[in-house]
Structures are given as structure tokens and as C-alpha cells.
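> Sharing start27.cif, mmCIF, C-alpha atoms:
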```
data_work
loop_
_atom_site.label_atom_id
_atom_site.label_comp_id
_atom_site.auth_asym_id
_atom_site.auth_seq_id
_atom_site.Cartn_x
_atom_site.Cartn_y
_atom_site.Cartn_z
CA MET A 166 0.00 0.00 0.00
CA VAL A 167 1.40 3.39 -0.99
CA HIS A 168 -0.02 6.83 -0.35
CA LEU A 169 1.17 10.40 -0.49
CA ARG A 170 0.41 13.51 1.49
CA ARG A 171 2.03 16.84 2.19
CA GLY A 172 3.24 18.19 5.52
CA TRP A 173 4.37 21.60 6.71
CA LEU A 174 6.00 21.09 10.12
CA HIS A 175 9.78 21.63 9.69
CA GLY A 176 9.07 23.13 6.24
CA SER A 177 6.93 22.09 3.29
CA HIS A 178 7.56 18.44 2.46
CA LEU A 179 6.00 15.29 1.06
CA LEU A 180 5.13 12.30 3.22
CA LEU A 181 5.29 9.00 1.35
CA VAL A 182 3.95 5.95 3.19
CA LEU A 183 4.87 2.48 1.93
CA ARG A 184 3.13 -0.37 3.73
CA PRO A 185 4.53 -3.86 2.96
CA TYR A 186 2.24 -6.87 2.93
CA GLY A 187 2.22 -9.12 5.96
CA GLU A 188 5.46 -9.23 7.93
CA ARG A 189 7.68 -8.16 5.05
CA THR A 190 10.07 -5.25 5.41
CA VAL A 191 11.02 -2.42 3.05
CA ASP A 192 14.61 -1.47 2.29
CA ALA A 193 14.28 2.27 1.63
CA SER A 194 17.99 3.11 1.34
CA GLU A 195 18.00 3.33 -2.47
CA PHE A 196 14.78 5.33 -2.48
CA ILE A 197 16.14 7.77 0.13
CA ALA A 198 19.25 8.44 -1.96
CA THR A 199 17.18 8.94 -5.12
CA ALA A 200 14.63 11.21 -3.41
CA ALA A 201 17.35 13.33 -1.81
CA ALA A 202 19.13 13.73 -5.15
CA LEU A 203 15.91 14.72 -6.95
CA ALA A 204 15.03 17.25 -4.26
CA ALA A 205 18.52 18.75 -4.21
CA ALA A 206 18.55 19.00 -8.02
CA ARG A 207 15.53 21.32 -7.99
CA GLY A 208 17.86 24.21 -7.18
CA VAL A 209 15.62 25.72 -4.51
CA SER A 210 16.41 26.43 -0.89
CA ALA A 211 14.45 26.14 2.31
CA PRO A 212 12.91 29.39 3.61
CA ASP A 213 14.69 31.30 6.34
CA GLN A 214 13.54 30.66 9.89
CA GLU A 215 11.50 33.86 10.13
CA THR A 216 9.56 33.15 6.92
CA TYR A 217 9.04 29.52 7.90
CA LEU A 218 7.79 30.36 11.38
CA ARG A 219 5.39 32.99 10.09
CA ARG A 220 3.84 30.57 7.61
CA ALA A 221 3.88 27.62 10.01
CA GLN A 222 2.22 29.61 12.78
CA GLU A 223 -0.55 30.59 10.37
CA LEU A 224 -1.14 26.97 9.36
CA ALA A 225 -0.95 25.82 12.98
CA ARG A 226 -3.68 28.31 13.87
CA TRP A 227 -5.91 27.12 11.02
CA GLU A 228 -5.42 23.46 11.94
CA ASN A 229 -5.30 23.94 15.74
CA VAL A 230 -1.90 22.22 15.90
CA GLN A 231 0.18 22.62 19.06
CA ASP A 232 3.31 20.73 17.93
CA GLU A 233 6.79 22.23 18.09
CA LEU A 234 7.47 24.13 14.85
CA LEU A 235 11.29 24.03 14.77
CA PRO A 236 13.63 23.06 13.22
CA CYS A 237 13.20 23.92 9.55
CA HIS A 238 14.96 21.16 7.61
CA PRO A 239 17.18 22.02 4.60
CA GLN A 240 16.12 21.33 1.03
CA GLY A 241 16.86 17.74 0.06
CA HIS A 242 16.56 16.42 3.62
CA VAL A 243 14.99 12.94 3.61
CA ILE A 244 14.01 10.94 6.70
CA ALA A 245 12.93 7.30 6.79
CA GLU A 246 11.09 6.02 9.85
CA PRO A 247 8.69 3.20 10.69
CA HIS A 248 5.00 3.83 10.15
CA ARG A 249 3.20 4.51 13.43
CA PRO A 250 -0.55 3.94 13.07
CA ARG A 251 -2.85 5.36 15.71
CA ALA A 252 -2.98 2.85 18.56
CA ASP A 253 -6.25 4.27 19.88
CA SER A 254 -8.23 3.79 16.66
CA PRO A 255 -6.76 0.98 14.50
CA ALA A 256 -9.98 0.58 12.49
CA LEU A 257 -9.96 4.27 11.53
CA SER A 258 -6.26 4.07 10.61
CA GLN A 259 -6.98 1.06 8.42
CA ALA A 260 -9.85 2.80 6.65
CA VAL A 261 -7.82 5.97 6.06
CA ASP A 262 -4.83 4.02 4.72
CA GLN A 263 -7.01 2.01 2.34
CA ILE A 264 -8.68 5.13 0.98
CA MET A 265 -5.46 7.11 0.65
CA GLY A 266 -3.83 4.20 -1.12
CA ARG A 267 -6.70 4.09 -3.62
CA PHE A 268 -6.45 7.86 -4.14
CA LEU A 269 -2.80 7.62 -5.26
CA GLU A 270 -3.55 6.86 -8.93
CA PRO A 271 -5.95 9.79 -9.53
CA MET A 272 -3.69 12.08 -7.48
CA LEU A 273 -0.78 11.35 -9.82
CA GLY A 274 -3.07 12.15 -12.74
CA SER A 275 -4.10 15.46 -11.17
CA LEU A 276 -0.46 16.39 -10.52
CA ALA A 277 -0.02 16.48 -14.31
CA VAL A 278 -2.75 19.13 -14.73
CA PRO A 279 -1.30 22.54 -15.75
CA GLU A 280 -1.22 24.97 -12.84
CA ILE A 281 -3.54 27.44 -14.58
CA GLU A 282 -6.22 24.70 -14.77
CA LEU A 283 -5.62 23.26 -11.30
CA LEU A 284 -8.29 25.06 -9.23
CA PRO A 285 -11.13 24.33 -11.72
CA HIS A 286 -9.90 20.73 -11.91
CA LEU A 287 -9.89 20.32 -8.12
CA THR A 288 -13.36 21.87 -8.00
CA HIS A 289 -14.50 18.93 -10.12
CA VAL A 290 -12.67 16.51 -7.80
CA LEU A 291 -14.42 17.90 -4.71
CA ALA A 292 -17.74 17.87 -6.55
CA LEU A 293 -17.30 14.19 -7.40
CA LEU A 294 -17.42 13.26 -3.73
CA ALA A 295 -20.74 15.08 -3.41
CA ARG A 296 -22.03 13.50 -6.62
CA THR A 297 -21.12 9.97 -5.53
CA HIS A 298 -22.96 10.36 -2.21
CA PRO A 299 -25.84 7.85 -2.13
CA ARG A 300 -28.25 10.78 -1.70
CA GLY A 301 -26.59 12.85 -4.43
CA ILE A 302 -25.41 16.45 -4.16
CA SER A 303 -28.39 17.43 -2.01
CA ALA A 304 -26.70 15.68 0.92
CA GLY A 305 -23.21 15.33 -0.52
CA ALA A 306 -22.51 19.07 -0.69
CA LEU A 307 -23.74 19.94 2.82
CA PRO A 308 -20.30 19.48 4.45
CA TYR A 309 -18.87 21.99 1.99
CA ARG A 310 -21.46 24.56 3.03
CA SER A 311 -20.72 23.72 6.66
CA HIS A 312 -16.97 24.19 6.29
CA ALA A 313 -17.36 27.50 4.44
CA GLU A 314 -19.83 28.76 7.04
CA GLY A 315 -17.46 27.61 9.76
CA VAL A 316 -14.55 29.75 8.59
CA VAL A 317 -16.86 32.71 7.93
CA SER A 318 -18.13 32.30 11.48
CA ALA A 319 -14.64 32.01 12.97
CA THR A 320 -13.38 35.17 11.23
CA GLY A 321 -16.64 37.13 11.41
CA LYS A 322 -15.38 39.70 13.91
CA HIS A 323 -12.36 40.53 11.77
CA ALA A 324 -13.26 40.01 8.11
CA ASP A 325 -16.26 39.63 5.81
CA LEU A 326 -15.20 36.51 3.97
CA LYS A 327 -18.71 35.71 2.78
CA SER A 328 -18.90 38.94 0.79
CA ALA A 329 -15.45 38.29 -0.69
CA PHE A 330 -16.42 34.74 -1.64
CA ALA A 331 -19.75 35.89 -3.09
CA ALA A 332 -18.06 38.53 -5.26
CA ARG A 333 -15.64 36.02 -6.72
CA TYR A 334 -18.37 33.42 -7.19
CA LEU A 335 -20.10 35.70 -9.69
CA SER A 336 -17.26 35.14 -12.16
CA ASP A 337 -16.69 31.46 -11.28
CA ARG A 338 -20.32 30.36 -11.07
CA GLN A 339 -20.32 28.26 -14.24
CA VAL A 340 -17.21 26.37 -13.12
CA PHE A 341 -19.02 25.21 -9.99
CA LEU A 342 -22.25 24.37 -11.82
CA ASP A 343 -20.35 22.31 -14.39
CA ALA A 344 -18.44 20.50 -11.66
CA LEU A 345 -21.71 19.51 -10.00
CA GLN A 346 -23.62 18.32 -13.07
CA ALA A 347 -21.54 18.02 -16.24
CA PRO A 348 -20.62 14.54 -17.53
CA VAL A 349 -17.30 13.23 -16.22
CA GLN A 350 -15.12 13.37 -19.31
CA THR A 351 -11.37 13.18 -18.60
CA ASP A 352 -9.51 9.99 -17.71
CA THR A 353 -8.21 11.56 -14.50
CA LEU A 354 -11.67 12.60 -13.31
CA ARG A 355 -13.06 9.17 -14.16
CA SER A 356 -10.23 7.70 -12.10
CA TRP A 357 -11.24 9.99 -9.21
CA GLU A 358 -14.87 8.91 -9.59
CA ARG A 359 -13.93 5.24 -9.29
CA ALA A 360 -11.71 6.02 -6.31
CA MET A 361 -14.55 7.90 -4.59
CA GLN A 362 -16.89 4.95 -5.05
CA TYR A 363 -14.26 2.65 -3.55
CA ALA A 364 -13.75 5.09 -0.66
CA TRP A 365 -17.47 5.15 0.11
CA GLY A 366 -17.47 1.36 0.28
CA VAL A 367 -14.49 1.23 2.64
CA ALA A 368 -15.82 3.98 4.91
CA GLU A 369 -19.35 2.59 5.12
CA ALA A 370 -18.04 -0.91 5.80
CA HIS A 371 -16.22 0.46 8.85
CA THR A 372 -19.04 2.68 10.10
CA ALA A 373 -22.08 0.49 9.43
CA GLY A 374 -20.59 -2.21 11.66
CA GLN A 375 -19.59 0.47 14.21
CA ALA A 376 -15.88 -0.33 14.01
CA VAL A 377 -15.63 3.46 13.61
CA ASP A 378 -18.25 5.64 15.28
CA GLU A 379 -18.65 9.26 16.36
CA ARG A 380 -16.62 8.67 19.52
CA VAL A 381 -13.65 7.37 17.51
CA LEU A 382 -13.76 10.34 15.14
CA GLN A 383 -13.93 12.82 18.00
CA GLY A 384 -11.00 11.11 19.67
CA ALA A 385 -8.95 11.28 16.47
CA ALA A 386 -9.72 15.00 16.24
CA GLY A 387 -8.48 15.63 19.75
CA GLY A 388 -11.80 15.56 21.56
CA GLY A 389 -13.18 18.74 20.04
CA ASP A 390 -11.62 21.22 22.49
CA TRP A 391 -10.82 23.80 19.83
CA GLU A 392 -9.26 27.18 20.48
CA HIS A 393 -10.75 30.35 18.99
CA PRO A 394 -7.71 32.59 18.31
CA LEU A 395 -9.89 35.15 16.50
CA GLY A 396 -12.42 35.48 19.30
CA THR A 397 -15.90 34.06 19.80
CA PRO A 398 -17.31 32.87 16.45
CA VAL A 399 -20.21 34.75 14.85
CA ARG A 400 -23.09 32.28 14.62
CA SER A 401 -24.90 32.14 11.28
CA ASP A 402 -28.38 30.76 10.57
CA PHE A 403 -26.83 27.70 8.94
CA ILE A 404 -24.48 27.01 11.86
CA GLY A 405 -27.42 27.45 14.23
CA GLU A 406 -29.48 24.91 12.30
CA ILE A 407 -26.61 22.41 12.34
CA LEU A 408 -26.07 22.81 16.09
CA ASP A 409 -29.76 22.80 17.03
CA GLY A 410 -30.91 20.07 14.63
CA GLY A 411 -30.51 16.33 14.98
CA MET A 412 -27.72 15.67 12.47
CA LEU A 413 -24.89 16.12 14.98
CA ARG A 414 -26.70 14.64 17.98
CA ARG A 415 -27.56 11.44 16.16
CA PRO A 416 -25.20 11.12 13.19
CA SER A 417 -25.98 8.20 10.91
CA TYR A 418 -23.27 5.73 9.92
CA ARG A 419 -23.32 7.26 6.44
CA HIS A 420 -22.73 10.74 7.87
CA ILE A 421 -19.68 9.43 9.74
CA ALA A 422 -18.45 7.61 6.61
CA HIS A 423 -18.77 10.86 4.66
CA ARG A 424 -16.58 12.63 7.20
CA ILE A 425 -13.91 9.95 6.90
CA VAL A 426 -13.72 10.18 3.11
CA LEU A 427 -13.87 13.98 3.14
CA ASN A 428 -11.02 14.28 5.65
CA VAL A 429 -8.87 11.98 3.52
CA LEU A 430 -9.69 14.02 0.42
CA TYR A 431 -8.78 17.27 2.17
CA THR A 432 -5.47 15.70 3.20
CA SER A 433 -4.84 14.65 -0.40
CA LEU A 434 -5.46 18.19 -1.65
CA THR A 435 -2.45 19.43 0.32
CA CYS A 436 -0.19 17.77 -2.27
CA PHE A 437 -1.38 20.36 -4.80
CA GLY A 438 -0.38 23.38 -2.71
CA ILE A 439 -3.98 24.42 -2.06
CA THR A 440 -4.16 26.92 0.79
CA PRO A 441 -6.85 26.67 3.48
CA MET A 442 -8.50 29.83 2.14
CA GLN A 443 -8.64 28.47 -1.40
CA ARG A 444 -10.22 25.27 -0.09
CA TYR A 445 -12.84 27.22 1.85
CA TYR A 446 -13.69 29.23 -1.27
CA LEU A 447 -14.16 26.02 -3.27
CA CYS A 448 -16.43 24.76 -0.48
CA TYR A 449 -18.42 28.00 -0.63
CA GLY A 450 -18.82 27.79 -4.40
CA LEU A 451 -19.98 24.17 -4.32
CA GLY A 452 -22.48 25.04 -1.59
CA GLU A 453 -23.88 27.93 -3.63
CA GLY A 454 -24.02 25.87 -6.80
CA THR A 455 -25.87 23.05 -5.07
CA ASP A 456 -28.46 25.45 -3.65
CA GLU A 457 -29.08 26.73 -7.18
CA LEU A 458 -29.23 23.33 -8.88
CA THR A 459 -31.48 21.70 -6.28
CA GLY A 460 -33.69 24.75 -5.79
CA VAL A 461 -33.56 24.08 -2.04
CA SER A 462 -31.40 26.06 0.38
CA SER A 463 -28.76 24.37 2.51
CA ILE A 464 -30.71 25.26 5.66
CA GLU A 465 -33.89 23.65 4.31
CA ARG A 466 -31.99 20.50 3.37
CA VAL A 467 -30.41 20.28 6.83
CA ARG A 468 -33.88 20.58 8.39
CA ALA A 469 -35.22 17.83 6.14
CA PHE A 470 -32.39 15.44 6.97
CA SER A 471 -32.69 16.26 10.68
CA ARG A 472 -36.40 15.33 10.57
CA GLU A 473 -35.48 11.97 9.07
CA LEU A 474 -33.26 11.29 12.10
CA ALA A 475 -35.85 12.43 14.66
#
```
Could the structure of this file be written out as C-alpha cells, please?

Amino acid sequence: MVHLRRGWLHGSHLLLVLRPYGERTVDASEFIATAAALAAARGVSAPDQETYLRRAQELARWENVQDELLPCHPQGHVIAEPHRPRADSPALSQAVDQIMGRFLEPMLGSLAVPEIELLPHLTHVLALLARTHPRGISAGALPYRSHAEGVVSATGKHADLKSAFAARYLSDRQVFLDALQAPVQTDTLRSWERAMQYAWGVAEAHTAGQAVDERVLQGAAGGGDWEHPLGTPVRSDFIGEILDGGMLRRPSYRHIAHRIVLNVLYTSLTCFGITPMQRYYLCYGLGEGTDELTGVSSIERVRAFSRELA
């Protein structure tokens, strides 16, 4: 099993996980030498400590990470270490590894997309997860609305992100609508579609049998004791409906499965250099596009799904 992700502690870097079958071992010495040579040949240098710390502190705030930020490793630095799966949630670790391993093929295809086309392409990738939801985009796009509303809420006392997103959406609207409804045409997107369907199967197999439940997810996220570095969030109507409705109090196994796949997809997107703000804008656009295509607002859809769980 092989999967790829991107990290930022100690400087921007790639994390490549190779999982041998059974009790076999992996000799990574040749790979380490090759990877170090390729990285060094790029002719770029690591950022200075001040630049690194400024960027890392920003990312740590967004992701609520408390880890030590230093040192910043030099360009071409390669470390090999044993894989350490989470001991407290082996079933979740297994599900995540299986999904990330399946995502490798379409990720490599997306890495070949020209940079100027990357954001529209990744919009289609995110939309595919919503489209492959068993209930379609009506349910599949709700987490995107939730995540966009969450960052708007968190920054509401300092910035009007919703207005900024709405202004940009006017020019990008057709990109989002196409992503949500146009036929899947390219080989890479078809590969993503197949990978999403596989991911749904893996995630639901783990959640339907309760090998992974809400308690496990909350534990993996650190228990939910989040800091609010920008002050008390500004509660929106959508956030209020989510908190007051039944979706979070009694999440279905499919809701939990959706969160697993979505978190893996978000992790995969880091390999493309997508910033948190760009991701939140894509979430906003997919939420807006879904409201338009379904003719039903996100709040109304949340209420309907909450009634089903009552």
C-alpha cells in the first residue's frame, strides 16, 4: 500500500507511506538516496527561519496544531522512519490508509494538470465526492457549506469573507455548476470517480458495523476542544441549524463515513499546494451551486435530513 500527502512542520515536504504486505520489510535506502538527489537537483532552498515560522504559525492556527514548529529542515533532507498507526483507533487508521492508497492513482493524474487549470480541476474533484454520495449532491454538498460557514463564522469579527467569496463566485459560477452536473469526461476525473466509489465502500463498511463511530472520530480530532484565536465565532443561521438540529446529535453511519472520506480528500489536496483559504472558497462555491441546482437552500436541506433522524 502506498499513499502520499504533504506536511508543513519543519518546512513544506512530502510524506510518502509504503506499507509492505504481511510481515515483510522495506529497504528504503536506495529510495532515500534517489529522493534526496531529486530534491537537491531542484535548485531551490528552504525558507529562512522567520519566513518559515510565520507561515507555520498561520497553518498551525488554522489546523489547531500545538506541535513544536522548529527546526526547519534544509532542502533535500529525507528521513525514513517506521510507520506509526494510531494505537487508539486501529480501524480508523486502516480505513484511512485504504482510501489514501486508492487515491494515489488519480492524485498522480491530477499532478499532471497545468497549474492554470488546477483550481477548476480540483473543483470537479471535490464535486465528485458530493455526486457519488448515495443521496446525491443534495446531501453530498452539505459538508462543503458547513466548512465554508465555519470559517466565515470564525473570522466574522475581523473580516467579511462571505462577501469576498460571493463577489468572486459571480465570475466562477459556471465552473461550480459544471463541476456539480456536467458529464465526467477526462480519464483523471473518471479515475477519481472510481476512487470515490471505492472510498465510500471502505468507509461505510467500517461505520455500518460500528468499528468506527462518532466517539472514535472525535478522539482522532483531539476531543473537540478547539481554540478560537480570532475570538468568539459569529453564529450564522446555517451554523445554528446544524447545532440545534438532529444531524450532529444522532449522526448516521453514512454521515460518519462521509466525514472519513472527506477528511482523507482534504489531506490529499495538500499535495497540490492548495491553501486553506482556497479550499474554503471552493467549499463556498460548491455550496452555492448546489443550492441553485437543487432549488432548495442548505438550511432547508439540513432541516429535512434532521427530521429523518428524529
> Quick one: which residues end up in the PyMOL selection byres ((chain A and resi 269) around 10) for this structure, as a ChimeraX atom specification?
/A:166-170,264-268,270-275,357,360,433
> Could you give me, as a PyMOL selection string, the residues within 9 Å of region 281-288 of chain A, counting all atoms listed in the file and dropping anything in the same chain fewer than 6 positions from it?
chain A and resi 275+340-341+344-345+354+434+437+439+443+447-448+450-451
> Counting all atoms listed in the file, which residue out of A:Lys322, A:His423, A:Arg444, A:His238 sits closest to Ala368 (chain A)?
A:His423
> Could you state which residues are captured by the PyMOL selection byres ((chain A and resi 404) around 10) in this file, as a list in words?
Arg310, Ser311, His312, Glu314, Gly315, Ser318, Val399, Arg400, Ser401, Asp402, Phe403, Gly405, Glu406, Ile407, Leu408, Asp409, Gly410 and Ile464 of chain A
> For the residues in that selection, give me C-alpha atoms as a PDB file, in the frame of the given file.

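New file selection15.pdb:
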```
ATOM      1  CA  ARG A 310     -21.460  24.560   3.030  1.00  0.00           C
ATOM      2  CA  SER A 311     -20.720  23.720   6.660  1.00  0.00           C
ATOM      3  CA  HIS A 312     -16.970  24.190   6.290  1.00  0.00           C
ATOM      4  CA  GLU A 314     -19.830  28.760   7.040  1.00  0.00           C
ATOM      5  CA  GLY A 315     -17.460  27.610   9.760  1.00  0.00           C
ATOM      6  CA  SER A 318     -18.130  32.300  11.480  1.00  0.00           C
ATOM      7  CA  VAL A 399     -20.210  34.750  14.850  1.00  0.00           C
ATOM      8  CA  ARG A 400     -23.090  32.280  14.620  1.00  0.00           C
ATOM      9  CA  SER A 401     -24.900  32.140  11.280  1.00  0.00           C
ATOM     10  CA  ASP A 402     -28.380  30.760  10.570  1.00  0.00           C
ATOM     11  CA  PHE A 403     -26.830  27.700   8.940  1.00  0.00           C
ATOM     12  CA  GLY A 405     -27.420  27.450  14.230  1.00  0.00           C
ATOM     13  CA  GLU A 406     -29.480  24.910  12.300  1.00  0.00           C
ATOM     14  CA  ILE A 407     -26.610  22.410  12.340  1.00  0.00           C
ATOM     15  CA  LEU A 408     -26.070  22.810  16.090  1.00  0.00           C
ATOM     16  CA  ASP A 409     -29.760  22.800  17.030  1.00  0.00           C
ATOM     17  CA  GLY A 410     -30.910  20.070  14.630  1.00  0.00           C
ATOM     18  CA  ILE A 464     -30.710  25.260   5.660  1.00  0.00           C
TER      19      ILE A 464
END
```
> Point out the residue among A:Leu174, A:Ala201, A:Ala256, A:Val381 with the least atom-to-atom distance to Asp232 (chain A), counting all atoms listed in the file.
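Result for the nearest residue to Asp232 (chain A): A:Leu174.
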> Decode the PyMOL selection byres ((chain A and resi 453) around 12) for the given file into explicit residues and return them as number ranges by chain.
A: 302-303, 306-307, 309-311, 313-314, 327, 330-331, 333-335, 337-342, 345, 446-452, 454-464
> Show which residues sit within 9 Å of Ile421 (chain A), as a list in words. Count all atoms listed in the file, and ignore same-chain residues fewer than 6 positions away.
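That gives Ala368, Glu369, Thr372, Val377, Asp378, Glu379 and Leu382 of chain A.
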> Using all atoms listed in the file, which of A:Ala198, A:His289, A:Glu215, A:Leu180 sits nearest His248 (chain A)?
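Counting all atoms listed in the file, the residue closest to His248 (chain A) is A:Leu180.
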> Could you check how far CA of His323 (chain A) sits from CA of Ala221 (chain A), in Å to one decimal?
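Value for the CA of His323 (chain A)-CA of Ala221 (chain A) distance: 20.8 Å.
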> Using CA of Leu235 (chain A) and CA of Ala211 (chain A) as the two end points, give the distance in Å to one decimal.
13.0 Å
> When distances are computed from only C-alpha atoms, which of A:Phe470, A:Leu179, A:Trp173, A:Val243 shows the smallest separation from Ile197 (chain A)?
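Among A:Phe470, A:Leu179, A:Trp173, A:Val243, it is A:Val243 that comes nearest to Ile197 (chain A).
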> For the atom pair CA of Leu413 (chain A) and CA of Ala469 (chain A), what is the interatomic distance in Å to one decimal place?
13.7 Å
> Out of A:Leu257, A:Leu224, A:Met361, A:Val317, which residue has the shortest atom-to-atom distance to Pro441 (chain A) when counting all atoms listed in the file?
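When distances to Pro441 (chain A) are compared using all atoms listed in the file, the smallest one comes from A:Leu224.
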> List the neighbours of Val209 (chain A) out to 10 Å using only C-alpha atoms; skip same-chain residues closer than 3 positions along the sequence, and give me the result as a compact mmCIF listing (two decimals) with C-alpha atoms, keeping the file's coordinate frame.

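This went into out.txt:
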```txt
# COMPACT_ATOMS: atom_id res chain seq x y z
CA ALA A 204 15.03 17.25 -4.26
CA ALA A 205 18.52 18.75 -4.21
CA ALA A 206 18.55 19.00 -8.02
CA PRO A 212 12.91 29.39 3.61
CA PRO A 239 17.18 22.02 4.60
CA GLN A 240 16.12 21.33 1.03
CA GLY A 241 16.86 17.74 0.06
```
> So, with all atoms listed in the file as the atoms that count, which of A:Pro308, A:Gly321, A:Pro348, A:Gly366 lies closest to Asn428 (chain A)?
A:Pro308
> Padding 5 Å on each side, edges along x, y and z: where is the centre of the box around the listed atoms of region 442-458 of chain A, and how long are its edges in Å to one decimal? Output it as AutoDock Vina command-line options.

```
--center_x -18.9 --center_y 26.4 --center_z -3.4 --size_x 30.7 --size_y 16.8 --size_z 21.0
```
